[in-house]
>>> print(open('upload-v8.pdb').read())   # PDB, C-alpha atoms, pLDDT in the B column
ATOM      1  CA  GLY A 201      92.834  69.673 130.288  1.00 63.00           C
ATOM      2  CA  LYS A 202      92.143  69.941 126.559  1.00 89.00           C
ATOM      3  CA  THR A 203      94.294  71.956 124.172  1.00 96.00           C
ATOM      4  CA  VAL A 204      92.535  74.452 121.958  1.00 97.00           C
ATOM      5  CA  GLU A 205      94.008  76.450 119.086  1.00 97.00           C
ATOM      6  CA  ALA A 206      92.628  79.828 118.039  1.00 97.00           C
ATOM      7  CA  ASP A 207      93.539  81.858 114.983  1.00 96.00           C
ATOM      8  CA  GLU A 208      92.032  84.280 112.534  1.00 94.00           C
ATOM      9  CA  THR A 209      92.267  84.394 108.766  1.00 94.00           C
ATOM     10  CA  PHE A 210      91.135  86.581 105.906  1.00 91.00           C
ATOM     11  CA  ILE A 211      88.689  85.323 103.277  1.00 91.00           C
ATOM     12  CA  GLY A 212      87.824  86.737  99.872  1.00 82.00           C
ATOM     13  CA  GLY A 213      87.730  90.327  98.788  1.00 73.00           C
ATOM     14  CA  LYS A 214      90.130  92.330  96.717  1.00 70.00           C
ATOM     15  CA  ASP A 215      92.159  95.319  97.710  1.00 63.00           C
ATOM     16  CA  LYS A 216      90.468  98.094  95.751  1.00 65.00           C
ATOM     17  CA  GLN A 217      92.432 101.355  95.726  1.00 61.00           C
ATOM     18  CA  GLY A 218      93.876 100.871  99.191  1.00 60.00           C
ATOM     19  CA  GLU A 219      90.564  99.665 100.646  1.00 65.00           C
ATOM     20  CA  ASP A 220      90.800  96.308 102.370  1.00 70.00           C
ATOM     21  CA  ASP A 221      87.499  94.484 101.925  1.00 79.00           C
ATOM     22  CA  LYS A 222      88.560  91.023 103.048  1.00 87.00           C
ATOM     23  CA  SER A 223      86.433  89.264 105.662  1.00 91.00           C
ATOM     24  CA  VAL A 224      87.937  88.322 109.018  1.00 92.00           C
ATOM     25  CA  VAL A 225      87.162  84.818 110.274  1.00 96.00           C
ATOM     26  CA  LEU A 226      88.014  83.469 113.719  1.00 97.00           C
ATOM     27  CA  GLY A 227      88.541  79.754 114.176  1.00 97.00           C
ATOM     28  CA  ILE A 228      88.741  77.769 117.401  1.00 97.00           C
ATOM     29  CA  VAL A 229      89.587  74.063 117.272  1.00 97.00           C
ATOM     30  CA  GLU A 230      90.068  71.483 119.994  1.00 96.00           C
ATOM     31  CA  ARG A 231      92.906  69.167 119.077  1.00 95.00           C
ATOM     32  CA  GLY A 232      91.402  65.914 117.878  1.00 93.00           C
ATOM     33  CA  GLY A 233      87.944  67.452 118.271  1.00 94.00           C
ATOM     34  CA  ASP A 234      85.551  69.952 116.793  1.00 96.00           C
ATOM     35  CA  VAL A 235      86.039  73.335 115.183  1.00 97.00           C
ATOM     36  CA  ILE A 236      83.968  76.516 115.542  1.00 97.00           C
ATOM     37  CA  THR A 237      84.278  79.407 113.099  1.00 97.00           C
ATOM     38  CA  ARG A 238      82.826  82.886 113.277  1.00 97.00           C
ATOM     39  CA  HIS A 239      82.768  85.676 110.727  1.00 96.00           C
ATOM     40  CA  VAL A 240      83.800  88.671 112.843  1.00 95.00           C
ATOM     41  CA  HIS A 241      83.609  92.320 111.839  1.00 89.00           C
ATOM     42  CA  GLY A 242      87.243  93.089 112.496  1.00 87.00           C
ATOM     43  CA  ARG A 243      90.464  91.863 113.997  1.00 86.00           C
ATOM     44  CA  SER A 244      90.340  93.893 117.183  1.00 89.00           C
ATOM     45  CA  HIS A 245      90.577  92.443 120.669  1.00 89.00           C
ATOM     46  CA  ALA A 246      86.936  93.401 121.338  1.00 91.00           C
ATOM     47  CA  GLN A 247      85.706  91.441 118.333  1.00 92.00           C
ATOM     48  CA  VAL A 248      87.815  88.289 118.764  1.00 93.00           C
ATOM     49  CA  ILE A 249      88.334  87.544 122.474  1.00 93.00           C
ATOM     50  CA  PRO A 250      84.621  87.326 123.476  1.00 94.00           C
ATOM     51  CA  HIS A 251      84.183  84.354 121.134  1.00 95.00           C
ATOM     52  CA  ILE A 252      87.108  82.512 122.690  1.00 94.00           C
ATOM     53  CA  VAL A 253      85.781  83.210 126.188  1.00 93.00           C
ATOM     54  CA  ARG A 254      82.312  82.009 125.138  1.00 94.00           C
ATOM     55  CA  TYR A 255      83.315  78.756 123.416  1.00 94.00           C
ATOM     56  CA  VAL A 256      86.425  77.602 125.300  1.00 94.00           C
ATOM     57  CA  LYS A 257      86.092  76.049 128.726  1.00 91.00           C
ATOM     58  CA  ALA A 258      87.772  78.025 131.504  1.00 87.00           C
ATOM     59  CA  GLY A 259      91.185  76.633 132.431  1.00 87.00           C
ATOM     60  CA  SER A 260      91.819  75.127 128.993  1.00 92.00           C
ATOM     61  CA  LYS A 261      95.190  75.367 127.302  1.00 95.00           C
ATOM     62  CA  VAL A 262      94.902  77.865 124.460  1.00 96.00           C
ATOM     63  CA  HIS A 263      97.578  78.087 121.760  1.00 97.00           C
ATOM     64  CA  THR A 264      97.666  81.073 119.425  1.00 96.00           C
ATOM     65  CA  ASP A 265     100.069  83.066 117.337  1.00 95.00           C
ATOM     66  CA  ASP A 266     101.804  86.094 118.851  1.00 92.00           C
ATOM     67  CA  TRP A 267      99.116  88.709 118.066  1.00 91.00           C
ATOM     68  CA  THR A 268      99.009  91.101 121.033  1.00 88.00           C
ATOM     69  CA  GLY A 269      95.203  90.943 121.266  1.00 88.00           C
ATOM     70  CA  TYR A 270      95.473  87.432 122.687  1.00 90.00           C
ATOM     71  CA  GLN A 271      97.502  88.556 125.729  1.00 87.00           C
ATOM     72  CA  THR A 272      94.373  89.096 127.848  1.00 85.00           C
ATOM     73  CA  LEU A 273      93.569  85.388 127.669  1.00 85.00           C
ATOM     74  CA  ILE A 274      95.866  84.924 130.664  1.00 79.00           C
ATOM     75  CA  GLU A 275      95.567  88.303 132.364  1.00 78.00           C
ATOM     76  CA  ARG A 276      91.773  88.692 132.371  1.00 86.00           C
ATOM     77  CA  HIS A 277      90.352  85.302 131.530  1.00 88.00           C
ATOM     78  CA  GLY A 278      92.655  82.784 133.246  1.00 85.00           C
ATOM     79  CA  PHE A 279      93.406  80.481 130.334  1.00 91.00           C
ATOM     80  CA  ASP A 280      96.664  78.551 130.173  1.00 92.00           C
ATOM     81  CA  HIS A 281      97.839  80.493 127.116  1.00 93.00           C
ATOM     82  CA  GLU A 282     100.969  79.890 125.045  1.00 95.00           C
ATOM     83  CA  THR A 283     102.004  81.370 121.734  1.00 95.00           C
ATOM     84  CA  VAL A 284     104.219  80.676 118.768  1.00 96.00           C
ATOM     85  CA  ASN A 285     106.009  83.602 117.191  1.00 94.00           C
ATOM     86  CA  HIS A 286     105.259  83.398 113.488  1.00 92.00           C
ATOM     87  CA  SER A 287     107.003  86.718 112.820  1.00 90.00           C
ATOM     88  CA  ALA A 288     110.246  85.124 114.046  1.00 94.00           C
ATOM     89  CA  LYS A 289     109.601  82.005 111.878  1.00 94.00           C
ATOM     90  CA  GLU A 290     108.639  79.950 114.949  1.00 95.00           C
ATOM     91  CA  TYR A 291     105.772  77.598 114.079  1.00 94.00           C
ATOM     92  CA  VAL A 292     106.232  74.793 116.613  1.00 96.00           C
ATOM     93  CA  ARG A 293     107.743  74.735 120.078  1.00 95.00           C
ATOM     94  CA  GLY A 294     107.232  71.321 121.640  1.00 95.00           C
ATOM     95  CA  SER A 295     103.470  70.799 121.792  1.00 95.00           C
ATOM     96  CA  VAL A 296     102.775  74.506 121.262  1.00 96.00           C
ATOM     97  CA  HIS A 297     101.564  75.186 117.719  1.00 96.00           C
ATOM     98  CA  THR A 298      98.570  76.325 115.675  1.00 96.00           C
ATOM     99  CA  ASN A 299      98.978  73.719 112.937  1.00 96.00           C
ATOM    100  CA  THR A 300      95.530  72.173 113.450  1.00 96.00           C
ATOM    101  CA  ILE A 301      93.635  75.399 112.800  1.00 97.00           C
ATOM    102  CA  GLU A 302      96.059  76.352 110.007  1.00 97.00           C
ATOM    103  CA  ALA A 303      95.267  73.020 108.297  1.00 96.00           C
ATOM    104  CA  PHE A 304      91.552  73.745 108.653  1.00 97.00           C
ATOM    105  CA  TRP A 305      92.088  77.168 107.020  1.00 97.00           C
ATOM    106  CA  ALA A 306      93.925  75.516 104.128  1.00 96.00           C
ATOM    107  CA  ASN A 307      91.038  73.065 103.556  1.00 95.00           C
ATOM    108  CA  LEU A 308      88.455  75.841 103.826  1.00 96.00           C
ATOM    109  CA  LYS A 309      90.220  78.120 101.359  1.00 94.00           C
ATOM    110  CA  ARG A 310      90.841  75.296  98.861  1.00 94.00           C
ATOM    111  CA  GLY A 311      87.195  74.289  99.168  1.00 93.00           C
ATOM    112  CA  ILE A 312      85.952  77.805  98.529  1.00 92.00           C
ATOM    113  CA  LYS A 313      88.288  78.389  95.586  1.00 91.00           C
ATOM    114  CA  GLY A 314      87.779  74.950  94.055  1.00 91.00           C
ATOM    115  CA  THR A 315      84.043  74.562  94.556  1.00 89.00           C
ATOM    116  CA  TYR A 316      82.423  77.941  95.023  1.00 88.00           C
ATOM    117  CA  VAL A 317      85.104  80.191  93.483  1.00 85.00           C
ATOM    118  CA  TRP A 318      83.834  83.164  95.515  1.00 84.00           C
ATOM    119  CA  VAL A 319      81.554  83.756  98.520  1.00 88.00           C
ATOM    120  CA  SER A 320      79.880  86.988  99.632  1.00 88.00           C
ATOM    121  CA  LYS A 321      80.290  88.476 103.096  1.00 88.00           C
ATOM    122  CA  LYS A 322      76.530  88.179 103.528  1.00 92.00           C
ATOM    123  CA  HIS A 323      76.586  84.376 103.219  1.00 93.00           C
ATOM    124  CA  LEU A 324      80.114  83.650 104.484  1.00 94.00           C
ATOM    125  CA  GLN A 325      78.959  82.286 107.860  1.00 94.00           C
ATOM    126  CA  SER A 326      76.772  79.704 106.068  1.00 93.00           C
ATOM    127  CA  TYR A 327      79.757  78.472 104.067  1.00 94.00           C
ATOM    128  CA  LEU A 328      81.832  78.359 107.247  1.00 96.00           C
ATOM    129  CA  ARG A 329      79.177  76.197 108.896  1.00 94.00           C
ATOM    130  CA  GLU A 330      79.329  73.749 105.985  1.00 93.00           C
ATOM    131  CA  PHE A 331      83.070  73.291 106.487  1.00 94.00           C
ATOM    132  CA  GLU A 332      82.602  73.011 110.268  1.00 95.00           C
ATOM    133  CA  TYR A 333      80.036  70.252 109.617  1.00 92.00           C
ATOM    134  CA  ARG A 334      82.439  68.337 107.384  1.00 91.00           C
ATOM    135  CA  HIS A 335      85.334  68.703 109.830  1.00 93.00           C
ATOM    136  CA  ASN A 336      83.293  67.846 112.918  1.00 93.00           C
ATOM    137  CA  LEU A 337      81.877  64.657 111.346  1.00 90.00           C
ATOM    138  CA  ARG A 338      85.143  63.558 109.705  1.00 89.00           C
ATOM    139  CA  HIS A 339      85.521  60.552 112.042  1.00 89.00           C
ATOM    140  CA  ALA A 340      81.940  59.405 111.405  1.00 88.00           C
ATOM    141  CA  PRO A 341      81.154  60.221 107.761  1.00 82.00           C
ATOM    142  CA  TYR A 342      78.373  57.611 107.744  1.00 84.00           C
ATOM    143  CA  LEU A 343      76.391  59.959 110.036  1.00 86.00           C
ATOM    144  CA  MET A 344      76.552  62.943 107.676  1.00 83.00           C
ATOM    145  CA  PHE A 345      73.485  62.033 105.620  1.00 86.00           C
ATOM    146  CA  ASP A 346      71.367  61.123 108.661  1.00 85.00           C
ATOM    147  CA  CYS A 347      72.311  64.350 110.439  1.00 82.00           C
ATOM    148  CA  LEU A 348      71.489  66.326 107.332  1.00 80.00           C
ATOM    149  CA  LEU A 349      68.039  64.707 107.062  1.00 81.00           C
ATOM    150  CA  GLN A 350      67.315  65.431 110.725  1.00 82.00           C
ATOM    151  CA  ALA A 351      67.874  69.133 110.048  1.00 78.00           C
ATOM    152  CA  PHE A 352      64.732  69.211 107.882  1.00 79.00           C
ATOM    153  CA  PRO A 353      61.195  69.063 109.275  1.00 77.00           C
ATOM    154  CA  LYS A 354      59.311  65.836 108.698  1.00 73.00           C
ATOM    155  CA  VAL A 355      56.775  66.077 105.941  1.00 69.00           C
ATOM    156  CA  ARG A 356      53.630  64.051 106.242  1.00 70.00           C
ATOM    157  CA  VAL A 357      52.632  62.294 103.040  1.00 70.00           C
ATOM    158  CA  GLU A 358      48.982  61.236 102.817  1.00 68.00           C
TER
END
>>> encode(input="upload-v8.pdb", output="structure tokens")
Amino acid sequence: GKTVEADETFIGGKDKQGEDDKSVVLGIVERGGDVITRHVHGRSHAQVIPHIVRYVKAGSKVHTDDWTGYQTLIERHGFDHETVNHSAKEYVRGSVHTNTIEAFWANLKRGIKGTYVWVSKKHLQSYLREFEYRHNLRHAPYLMFDCLLQAFPKVRVE
């Protein structure tokens, strides 16, 4: 019964002599809930759809843009899938939109540019996890420090 938005974005890189070296990142967010991001190796159906199938509960409502690779979400995977047509300047149609994930992308990109300036492809997933952590604990910021400490092994002091 939950609504999930999925979208991909491009991070970093510079177009060097016609060579596109930007990184592709897939994001999946439950409205009012948590976000999951994955650095994927391309924008093909085979590289994007398996993540959605893995992380989104069967039968969920999935909202995406009009990229043709998402069409199998209904045909093969049985999601309640609706799209907005960004190429036709359609960004919202009733409750159908991808504004939640687009807002996450905006925060992520501002955070990278403003704090880190640049991130390598090698470490991109680690940076993505940091922004997931911040987003997913946004309603309980008082837990951030405790959760961070629990991630480290306890050291015995004698």
>>> atom_distance(input="upload-v8.pdb", atom1="CA of Ala206 (chain A)", atom2="CA of Ala340 (chain A)")
24.0 Å
>>> resolve_selection(input="upload-v8.pdb", expression="the PyMOL selection byres ((chain A and resi 322) around 12)", output="list in words")
Gly212, Ser223, His239, Val240, His241, Trp318, Val319, Ser320, Lys321, His323, Leu324, Gln325, Ser326, Tyr327 and Leu328 of chain A
>>> atom_distance(input="upload-v8.pdb", atom1="CA of Val229 (chain A)", atom2="CA of Lys257 (chain A)")
12.1 Å
>>> resolve_selection(input="upload-v8.pdb", expression="the PyMOL selection byres ((chain A and resi 225-227) around 10)", output="number ranges by chain")
A: 205-211, 222-224, 228-229, 235-243, 247-249, 251-252, 301-302, 304-305, 324-325, 328, 332
>>> closest_residue(input="upload-v8.pdb", among="A:Gln350, A:Lys202, A:Ala246, A:Ser295", to="Ala258 (chain A)", atoms="all atoms listed in the file")
A:Lys202
